[in-house]
Each structure stands twice: as C-alpha cells, then as structure tokens.
>>> print(open('work.txt').read())   # compact mmCIF, C-alpha atoms and all ligand atoms
# COMPACT_ATOMS: atom_id res chain seq x y z
CA MET A 764 -21.78 30.48 19.53
CA ASN A 765 -24.13 27.59 18.76
CA GLY A 766 -21.36 25.47 17.27
CA MET A 767 -19.40 25.96 20.46
CA PHE A 768 -22.38 25.10 22.63
CA ASP A 769 -21.63 24.82 26.36
CA VAL A 770 -23.06 21.38 27.19
CA THR A 771 -22.65 21.90 30.94
CA THR A 772 -25.85 24.01 30.73
CA LEU A 773 -27.93 20.91 29.83
CA SER A 774 -30.23 19.35 32.43
CA ALA A 775 -29.65 15.68 33.29
CA ASP A 776 -32.58 14.65 31.04
CA GLN A 777 -31.32 16.74 28.16
CA PHE A 778 -27.82 15.31 28.56
CA ASN A 779 -29.21 11.77 28.51
CA ALA A 780 -31.36 12.44 25.44
CA VAL A 781 -28.35 13.62 23.42
CA TYR A 782 -26.10 10.87 24.84
CA ASN A 783 -28.62 8.18 23.85
CA ILE A 784 -29.37 9.52 20.38
CA LEU A 785 -25.64 9.75 19.56
CA SER A 786 -25.19 6.19 20.81
CA PHE A 787 -28.11 5.08 18.60
CA GLY A 788 -26.48 6.81 15.62
CA PHE A 789 -23.18 5.04 16.31
CA ALA A 790 -24.83 1.59 16.58
CA SER A 791 -26.86 2.10 13.37
CA MET A 792 -23.77 3.12 11.37
CA LEU A 793 -21.77 0.16 12.71
CA ALA A 794 -24.43 -2.45 11.92
CA THR A 795 -25.24 -1.03 8.46
CA THR A 796 -21.56 -0.86 7.47
CA ILE A 797 -21.01 -4.54 8.26
CA TYR A 798 -24.25 -5.59 6.58
CA LEU A 799 -23.59 -3.65 3.36
CA TYR A 800 -19.94 -4.72 3.03
CA ILE A 801 -20.95 -8.36 3.39
CA SER A 802 -24.04 -8.09 1.16
CA GLN A 803 -22.30 -6.44 -1.80
CA ALA A 804 -21.16 -9.94 -2.82
CA ARG A 805 -24.80 -10.90 -3.34
CA VAL A 806 -25.53 -8.63 -6.34
CA LEU A 807 -24.17 -8.68 -9.90
CA ALA A 808 -20.62 -7.30 -10.24
CA LYS A 809 -21.72 -4.09 -12.02
CA TYR A 810 -23.88 -3.04 -9.04
CA ARG A 811 -21.32 -3.80 -6.33
CA GLN A 812 -19.69 -0.39 -6.43
CA ALA A 813 -22.96 1.28 -5.40
CA ILE A 814 -23.22 -0.97 -2.34
CA VAL A 815 -19.56 -0.51 -1.42
CA ILE A 816 -20.01 3.30 -1.60
CA SER A 817 -23.11 3.00 0.62
CA GLY A 818 -21.09 1.03 3.18
CA THR A 819 -18.30 3.59 2.98
CA VAL A 820 -20.78 6.38 3.74
CA THR A 821 -21.88 4.62 6.94
CA LEU A 822 -18.23 3.81 7.77
CA ILE A 823 -17.30 7.52 7.53
CA ALA A 824 -20.33 8.36 9.67
CA LEU A 825 -19.40 5.64 12.17
CA TYR A 826 -16.05 7.35 12.67
CA HIS A 827 -17.65 10.79 13.06
CA TYR A 828 -20.33 9.58 15.50
CA TRP A 829 -17.55 8.16 17.64
CA ARG A 830 -15.78 11.56 17.57
CA ILE A 831 -19.02 13.52 18.17
CA PHE A 832 -19.93 11.24 21.08
CA ASP A 833 -16.46 11.63 22.56
CA SER A 834 -16.51 15.39 22.13
CA PHE A 835 -19.94 15.59 23.78
CA VAL A 836 -18.95 13.50 26.80
CA ALA A 837 -15.61 15.32 27.21
CA ALA A 838 -17.26 18.74 26.92
CA HIS A 839 -19.69 17.78 29.65
CA ALA A 840 -17.00 16.50 32.00
CA THR A 841 -14.61 19.42 31.56
CA ALA A 842 -15.75 22.93 32.36
CA GLY A 843 -14.82 25.38 29.61
CA SER A 844 -14.37 22.66 27.00
CA SER A 845 -16.91 23.01 24.18
CA PHE A 846 -18.77 20.58 21.95
CA ASN A 847 -17.39 20.44 18.42
CA GLU A 848 -20.16 20.64 15.79
CA ALA A 849 -17.63 20.73 12.94
CA TYR A 850 -17.42 16.91 12.88
CA ARG A 851 -20.95 16.81 11.43
CA TYR A 852 -20.13 19.20 8.63
CA VAL A 853 -16.91 17.36 7.76
CA ASP A 854 -18.96 14.15 7.77
CA TRP A 855 -21.57 15.65 5.43
CA LEU A 856 -18.92 17.15 3.16
CA LEU A 857 -17.68 13.62 2.53
CA THR A 858 -20.90 11.63 2.72
CA VAL A 859 -23.40 13.82 0.81
CA PRO A 860 -21.44 13.67 -2.49
CA LEU A 861 -20.98 9.91 -1.91
CA LEU A 862 -24.72 9.44 -1.33
CA LEU A 863 -25.39 11.11 -4.66
CA LEU A 864 -22.66 8.99 -6.31
CA GLU A 865 -24.19 5.75 -4.98
CA THR A 866 -27.59 6.82 -6.32
CA ILE A 867 -26.15 7.43 -9.78
CA ALA A 868 -23.95 4.29 -9.62
CA VAL A 869 -26.84 1.91 -8.96
CA LEU A 870 -28.74 3.19 -12.01
CA ASN A 871 -25.94 1.95 -14.29
CA LEU A 872 -26.55 4.78 -16.78
CA PRO A 873 -24.60 5.36 -20.01
CA ALA A 874 -21.20 6.97 -19.22
CA GLY A 875 -22.03 10.39 -20.72
CA GLU A 876 -25.24 10.76 -18.76
CA ARG A 877 -23.59 9.57 -15.55
CA LYS A 878 -20.68 12.01 -15.88
CA SER A 879 -22.98 14.92 -16.58
CA LEU A 880 -25.08 14.20 -13.47
CA VAL A 881 -22.06 13.62 -11.22
CA SER A 882 -20.18 16.72 -12.40
CA ARG A 883 -23.14 18.89 -11.37
CA LEU A 884 -24.37 17.09 -8.25
CA VAL A 885 -21.01 16.75 -6.47
CA PRO A 886 -19.96 20.45 -6.55
CA ALA A 887 -23.52 21.54 -5.69
CA SER A 888 -23.63 19.28 -2.63
CA ALA A 889 -20.21 20.53 -1.44
CA ALA A 890 -21.38 24.15 -1.85
CA MET A 891 -24.55 23.41 0.14
CA ILE A 892 -22.59 22.07 3.14
CA ILE A 893 -19.80 24.68 3.04
CA LEU A 894 -22.31 27.57 2.90
CA GLY A 895 -24.32 26.09 5.78
CA TYR A 896 -21.44 25.84 8.26
CA PRO A 897 -20.93 29.56 9.06
CA GLY A 898 -24.67 29.73 9.81
CA GLU A 899 -24.52 26.63 12.01
CA ILE A 900 -21.96 28.24 14.31
CA ALA A 901 -23.37 31.78 14.07
CA ALA A 902 -24.33 33.33 17.40
CA ASP A 903 -27.22 35.35 15.95
CA ASN A 904 -30.23 34.47 13.86
CA GLY A 905 -29.43 37.11 11.19
CA PRO A 906 -26.29 35.45 9.80
CA LYS A 907 -27.90 32.04 10.41
CA MET A 908 -30.74 32.97 8.04
CA MET A 909 -28.39 34.49 5.49
CA TRP A 910 -26.05 31.48 5.24
CA GLY A 911 -29.07 29.18 5.39
CA ALA A 912 -30.63 30.96 2.41
CA LEU A 913 -27.36 30.77 0.44
CA SER A 914 -27.01 27.06 1.22
CA THR A 915 -30.60 26.48 0.07
CA LEU A 916 -29.72 27.58 -3.50
CA PRO A 917 -27.46 24.57 -4.28
CA PHE A 918 -29.96 22.41 -2.32
CA LEU A 919 -32.76 23.43 -4.71
CA TYR A 920 -30.45 22.86 -7.68
CA ILE A 921 -29.79 19.27 -6.48
CA LEU A 922 -33.55 18.67 -6.15
CA TYR A 923 -34.08 20.08 -9.65
CA ILE A 924 -31.52 17.64 -11.10
CA LEU A 925 -32.95 14.67 -9.19
CA PHE A 926 -36.61 15.41 -9.88
CA VAL A 927 -36.47 16.86 -13.37
CA GLU A 928 -33.33 15.61 -15.11
CA LEU A 929 -33.18 12.14 -13.58
CA THR A 930 -36.79 11.50 -14.54
CA LYS A 931 -35.68 11.32 -18.18
CA SER A 932 -33.24 8.48 -17.39
CA LEU A 933 -35.89 6.56 -15.47
CA GLU A 934 -37.83 5.97 -18.68
CA THR A 935 -35.16 3.49 -19.77
CA GLN A 936 -35.31 1.46 -16.52
CA PRO A 937 -37.45 -1.66 -15.86
CA ALA A 938 -40.84 -0.72 -14.31
CA GLU A 939 -40.11 -2.17 -10.88
CA VAL A 940 -36.74 -0.41 -10.75
CA SER A 941 -38.15 2.94 -11.79
CA ALA A 942 -40.85 2.62 -9.09
CA THR A 943 -38.20 1.86 -6.44
CA VAL A 944 -36.01 4.75 -7.62
CA LYS A 945 -39.02 7.05 -7.30
CA ARG A 946 -39.53 5.84 -3.73
CA LEU A 947 -35.80 6.36 -3.13
CA ARG A 948 -36.14 9.97 -4.29
CA LEU A 949 -39.07 10.53 -1.93
CA LEU A 950 -37.02 9.05 0.90
CA LEU A 951 -34.22 11.43 -0.05
CA ILE A 952 -36.35 14.57 -0.03
CA ALA A 953 -38.17 13.55 3.17
CA THR A 954 -34.92 12.92 5.06
CA TRP A 955 -32.81 15.72 3.55
CA GLY A 956 -35.59 18.14 4.43
CA VAL A 957 -35.05 17.35 8.14
CA TYR A 958 -31.57 18.96 8.04
CA PRO A 959 -32.62 22.54 7.23
CA ILE A 960 -35.53 22.26 9.70
CA SER A 961 -33.17 21.11 12.48
CA TYR A 962 -30.75 23.88 11.52
CA LEU A 963 -33.52 26.44 11.93
CA LEU A 964 -34.70 25.17 15.35
CA PRO A 965 -33.04 28.05 17.25
CA VAL A 966 -35.07 30.42 15.04
CA ILE A 967 -38.31 28.37 15.02
CA MET A 968 -38.25 27.77 18.79
CA GLY A 969 -37.19 31.33 19.53
CA ASP A 970 -34.43 29.69 21.54
CA SER A 971 -31.41 31.38 19.98
CA ALA A 972 -27.67 30.97 20.50
CA GLY A 973 -26.77 28.78 23.44
CA GLY A 974 -30.40 27.64 23.88
CA ALA A 975 -30.39 24.17 25.42
CA SER A 976 -33.72 22.90 23.98
CA ALA A 977 -32.84 23.97 20.45
CA PHE A 978 -29.45 22.26 20.88
CA VAL A 979 -31.08 19.00 21.96
CA GLY A 980 -33.65 19.22 19.14
CA ARG A 981 -30.89 19.79 16.61
CA GLN A 982 -28.82 16.81 17.77
CA VAL A 983 -31.88 14.54 17.69
CA GLY A 984 -33.01 15.89 14.29
CA TYR A 985 -29.58 15.58 12.64
CA THR A 986 -28.99 12.09 14.06
CA VAL A 987 -32.38 10.65 13.10
CA ALA A 988 -32.01 12.21 9.64
CA ASP A 989 -28.50 10.72 9.32
CA VAL A 990 -29.74 7.23 10.16
CA LEU A 991 -32.54 7.50 7.58
CA ALA A 992 -30.46 9.28 4.90
CA LYS A 993 -27.45 6.96 5.22
CA CYS A 994 -28.60 3.59 6.65
CA LEU A 995 -32.14 3.25 5.32
CA PHE A 996 -31.08 4.89 2.05
CA GLY A 997 -28.09 2.52 1.69
CA LEU A 998 -30.34 -0.48 2.33
CA THR A 999 -32.77 0.78 -0.31
CA ILE A 1000 -29.87 1.08 -2.76
CA TYR A 1001 -29.06 -2.57 -1.99
CA LYS A 1002 -32.67 -3.50 -2.74
CA ILE A 1003 -32.53 -1.68 -6.08
CA ALA A 1004 -29.25 -3.47 -6.92
CA ARG A 1005 -30.94 -6.80 -6.24
CA LEU A 1006 -33.98 -5.92 -8.37
CA LYS A 1007 -31.73 -4.79 -11.22
CA SER A 1008 -29.57 -7.91 -10.89
CA ALA A 1009 -32.71 -10.05 -11.17
CA ALA A 1010 -33.98 -8.06 -14.17
CA ASP A 1011 -30.60 -8.39 -15.96
CA ASP A 1012 -29.94 -12.05 -15.29
CA SER A 1013 -32.57 -14.75 -15.04
CA ALA A 1014 -30.09 -17.23 -13.48
CA TYR A 1015 -29.56 -14.70 -10.63
CA ALA A 1016 -33.32 -14.25 -10.24
CA ALA A 1017 -33.88 -18.00 -10.07
CA ALA A 1018 -31.01 -18.57 -7.61
CA GLU A 1019 -32.33 -15.79 -5.36
CA GLY A 1020 -35.94 -16.95 -5.65
CA MET A 1021 -36.96 -13.66 -7.33
CA HIS A 1022 -39.34 -13.88 -10.26
C1 LIG A 1101 -27.97 23.14 5.85
C2 LIG A 1101 -27.94 24.63 6.11
C3 LIG A 1101 -29.28 25.26 5.98
C4 LIG A 1101 -29.83 25.11 4.59
C5 LIG A 1101 -29.70 23.73 4.07
C6 LIG A 1101 -28.89 22.78 4.67
C7 LIG A 1101 -28.98 21.42 4.12
C8 LIG A 1101 -28.41 20.33 4.57
C9 LIG A 1101 -28.59 19.02 4.02
C10 LIG A 1101 -27.79 18.06 4.52
C11 LIG A 1101 -27.82 16.70 4.16
C12 LIG A 1101 -27.03 15.86 4.77
C13 LIG A 1101 -26.99 14.45 4.55
C14 LIG A 1101 -26.13 13.77 5.29
C15 LIG A 1101 -26.04 12.36 5.29
O1 LIG A 1101 -25.07 11.79 4.96
C16 LIG A 1101 -26.52 22.77 5.53
C17 LIG A 1101 -28.40 22.42 7.14
C18 LIG A 1101 -30.52 23.41 2.84
C19 LIG A 1101 -29.60 18.76 2.97
C20 LIG A 1101 -27.86 13.79 3.56
>>> encode(input="work.txt", output="structure tokens", more="lines below")
Ligand code: RET
Amino acid sequence: MNGMFDVTTLSADQFNAVYNILSFGFASMLATTIYLYISQARVLAKYRQAIVISGTVTLIALYHYWRIFDSFVAAHATAGSSFNEAYRYVDWLLTVPLLLLETIAVLNLPAGERKSLVSRLVPASAAMIILGYPGEIAADNGPKMMWGALSTLPFLYILYILFVELTKSLETQPAEVSATVKRLRLLLIATWGVYPISYLLPVIMGDSAGGASAFVGRQVGYTVADVLAKCLFGLTIYKIARLKSAADDSAYAAAEGMH
C-alpha cells in the first residue's frame, strides 16, 4: 500500500531528498510558530485571535513534521518497518479547519455571518480530508480515483463559499484589506491545489503503488504546499491584521508608521 510505503526501496538520492524536505518543513513550522506567537501582541486586540490560531496551526504541524521525520528515518533503518502517512492526514484534519477559522477570524465579520461561514466550512473541510485518506493508502489507482473524486466534492464546496459567498462580505471591508484578502484567496487556491496534484502523482506518473519516484514527488509536493499554506498564509493573515488595525485606529497607524 502507498500509505505503508517501504522506504528501504529508495535510492540514496531519493532518501536524501525526502529527508531534507521534511527537515525544511520542520524548520519552517518552528520559526513561523515563534514569530506569530510573538507578533500577535503587535496588532489590535480584536485581531489577535486570528494570529494565535495561525501560530497554533504551525505548532500542530511542527509536532507532526517531527513525527513524520522520525517515522521516515526509523522506517529506513529497520527492515519491515513502514512509513506512516497517517500523521499528515491527522495534521490536516486539525489544521485545515483552523486555517479556515483564522481566515474568517481576521475579517472580523458580524457574528451571524461568521457563524454561517464557519458552520459550513469546518464540516466540509473535515469531510474532504477524511474521504481522501482511504485513497491515499489505496494500493490501486481505481479506489484512489474514487476516493479522490469524493473528496473533491467538499473541496469544490469550500471554494464556492470562499469565492462566491465571501465576496459579498468583502464589499464592507476597506479597499486595501479587500485587495489583500483577494490575494490571500489566490494564495489559498494555488497552494491547496498542490495537494490533489501530489495525491494523484502515482496515477499521473504511471508509477503506481510502491513507486519510489511518485513517493518522493508526493512528499516534496505535500511539504512545499504545507509551508506555503500554513507559514506563508499565516504571515499574510498577520499582514491583514496589521492593515485592519491601522484602518481602525489612527493612533496605531501612526505608532507603526503606517499611513
Ligand atoms: C486530497 C485527496 C484528493 C482530493 C483532494 C484532496 C485535497 C486536499 C487538500 C488539502 C489541504 C491541506 C492543507 C493543509 C495545511 O494545513 C485529500 C489530497 C481535493 C486541499 C491546506
């Protein structure tokens, strides 16, 4: 099974590529967590929660990258011990709803609107991850495609909410904020799109179950996407919080040299 990939079949170069990308993921999560937890104090109180959630996302990912790294190294050293891909899905199950929450939190929308968005986005994101997992560990491309297609339905629903419904709320935001939120949405679709592509690598590369190159490609794809979707995204949320703080409070803008 793919999810139980036998890492002892990797060449030395392939092993190093995965080792290094996982190490890069770990370092990025560590640095971003510290930066965001410290920087939350630098925005107005009502935007702090969004930054704290962003830091919590990278903290959860920091823990999982440590476990993934450990599992990878142990699986390579011990014949018959397999690499555990479930850590990623547990990570996503926790972090994807939180990423959506931080996006909604930073907008500081009226309570009714916020609740309505959250109550639809959170279950949809959980369904997307849960439906993807059986396909991730499937040995054959048939079930992989089937679970992938099922998981794509909530994925499309999330995009519909973010690109159609959220657009209505943006009309009430200051111009600079609404422009940054639009860029944030583009960042989201560009990075989230990397996950299904990485997932499909065994199919795209014709390198099905147990294929070493598809395994390496998937680890690189998921890790780079995680750094962009969690770290860069969290830092963009921080930027939006600063812009909104400046728009709400001229004393803040003056103190921060933002006009
Ligand atoms: C799966 C299965 C195949 C179909 C689709 C998928 C989408 C995954 C996504 C994951 C996003 C993860 C993030 C993690 C960062 O914290 C599950 C690969 C559509 C969009 C943003």
>>> closest_residue(input="work.txt", among="A:Leu825, A:Leu925, A:Phe978, A:Ile867", to="Glu848 (chain A)", atoms="all atoms listed in the file")
A:Phe978
>>> residues_around(input="work.txt", residues="Tyr782 (chain A)", least_positions_apart="2", cutoff="10 Å", atoms="all atoms listed in the file", output="JSON, numbers by chain")
{"A": [776, 777, 778, 779, 780, 784, 785, 786, 787, 832, 833, 835, 836, 979, 982, 983]}
>>> residues_near_ligand(input="work.txt", ligand="ligand LIG 1101 (chain A)", cutoff="6 Å", atoms="all atoms listed in the file", output="PyMOL selection string")
chain A and resi 855+858-859+891-892+895+911+914-915+918+955+958-959+962+989+992-993
>>> residues_around(input="work.txt", residues="Ser802 (chain A)", least_positions_apart="3", cutoff="12 Å", atoms="only C-alpha atoms", output="ChimeraX atom specification")
/A:795-799,805-808,810-815,817-818,997-998,1000-1002,1004-1005
>>> residues_near_point(input="work.txt", point="(-22.8, 23.3, 14.5)", cutoff="10 Å", atoms="all atoms listed in the file", output="PDB file with C-alpha atoms, keeping the file's coordinate frame")
ATOM      1  CA  MET A 764     -21.780  30.480  19.530  1.00  0.00           C
ATOM      2  CA  ASN A 765     -24.130  27.590  18.760  1.00  0.00           C
ATOM      3  CA  GLY A 766     -21.360  25.470  17.270  1.00  0.00           C
ATOM      4  CA  MET A 767     -19.400  25.960  20.460  1.00  0.00           C
ATOM      5  CA  PHE A 768     -22.380  25.100  22.630  1.00  0.00           C
ATOM      6  CA  PHE A 846     -18.770  20.580  21.950  1.00  0.00           C
ATOM      7  CA  ASN A 847     -17.390  20.440  18.420  1.00  0.00           C
ATOM      8  CA  GLU A 848     -20.160  20.640  15.790  1.00  0.00           C
ATOM      9  CA  ALA A 849     -17.630  20.730  12.940  1.00  0.00           C
ATOM     10  CA  TYR A 850     -17.420  16.910  12.880  1.00  0.00           C
ATOM     11  CA  ARG A 851     -20.950  16.810  11.430  1.00  0.00           C
ATOM     12  CA  TYR A 852     -20.130  19.200   8.630  1.00  0.00           C
ATOM     13  CA  GLY A 895     -24.320  26.090   5.780  1.00  0.00           C
ATOM     14  CA  TYR A 896     -21.440  25.840   8.260  1.00  0.00           C
ATOM     15  CA  PRO A 897     -20.930  29.560   9.060  1.00  0.00           C
ATOM     16  CA  GLY A 898     -24.670  29.730   9.810  1.00  0.00           C
ATOM     17  CA  GLU A 899     -24.520  26.630  12.010  1.00  0.00           C
ATOM     18  CA  ILE A 900     -21.960  28.240  14.310  1.00  0.00           C
ATOM     19  CA  ALA A 901     -23.370  31.780  14.070  1.00  0.00           C
ATOM     20  CA  TYR A 962     -30.750  23.880  11.520  1.00  0.00           C
ATOM     21  CA  PHE A 978     -29.450  22.260  20.880  1.00  0.00           C
ATOM     22  CA  ARG A 981     -30.890  19.790  16.610  1.00  0.00           C
ATOM     23  CA  GLN A 982     -28.820  16.810  17.770  1.00  0.00           C
TER      24      GLN A 982
END
>>> closest_residue(input="work.txt", among="A:Ser882, A:Thr841, A:Gln936, A:Ser961", to="Ser976 (chain A)", atoms="all atoms listed in the file")
A:Ser961
>>> closest_atom_pairs(input="work.txt", of="region 915-957 of chain A", to="region 873-878 of chain A", cutoff="12 Å", atoms="all atoms listed in the file", output="JSON lines")
{"residue": "A:Glu928", "atom": "CA", "partner": "A:Glu876", "partner_atom": "CA", "distance": 10.1}
{"residue": "A:Leu929", "atom": "CA", "partner": "A:Glu876", "partner_atom": "CA", "distance": 9.6}
{"residue": "A:Lys931", "atom": "CA", "partner": "A:Glu876", "partner_atom": "CA", "distance": 10.5}
{"residue": "A:Ser932", "atom": "CA", "partner": "A:Glu876", "partner_atom": "CA", "distance": 8.4}
{"residue": "A:Leu933", "atom": "CA", "partner": "A:Glu876", "partner_atom": "CA", "distance": 11.9}
{"residue": "A:Thr935", "atom": "CA", "partner": "A:Pro873", "partner_atom": "CA", "distance": 10.7}
{"residue": "A:Gln936", "atom": "CA", "partner": "A:Pro873", "partner_atom": "CA", "distance": 11.9}
>>> closest_residue(input="work.txt", among="A:Ala912, A:Leu951, A:Ile960, A:Leu857", to="Phe926 (chain A)", atoms="all atoms listed in the file")
A:Leu951
>>> closest_residue(input="work.txt", among="A:Ala1009, A:Ala804, A:Leu861, A:Ala842", to="Val940 (chain A)", atoms="all atoms listed in the file")
A:Ala1009
>>> closest_residue(input="work.txt", among="A:Met968, A:Leu991, A:Val957, A:Leu870", to="Ser1008 (chain A)", atoms="only C-alpha atoms")
A:Leu870
>>> atom_distance(input="work.txt", atom1="CA of Leu872 (chain A)", atom2="CA of Pro917 (chain A)")
23.4 Å
>>> atom_distance(input="work.txt", atom1="CA of His839 (chain A)", atom2="CA of Thr986 (chain A)")
19.0 Å
>>> closest_residue(input="work.txt", among="A:Asn904, A:Ala889, A:Met1021, A:Met792", to="Gly969 (chain A)", atoms="all atoms listed in the file")
A:Asn904
>>> axis_aligned_box(input="work.txt", around="region 987-1002 of chain A", padding_each_side="5 Å", output="lines of an AutoDock Vina configuration file")
center_x = -30.1
center_y = 4.4
center_z = 5.2
size_x = 15.3
size_y = 25.7
size_z = 25.9
>>> atom_distance(input="work.txt", atom1="CA of Ala942 (chain A)", atom2="CA of Val820 (chain A)")
24.1 Å
>>> residues_around(input="work.txt", residues="Leu916 (chain A)", least_positions_apart="6", cutoff="10 Å", atoms="all atoms listed in the file", output="list in words")
Ala887, Ala890, Met891 and Leu894 of chain A
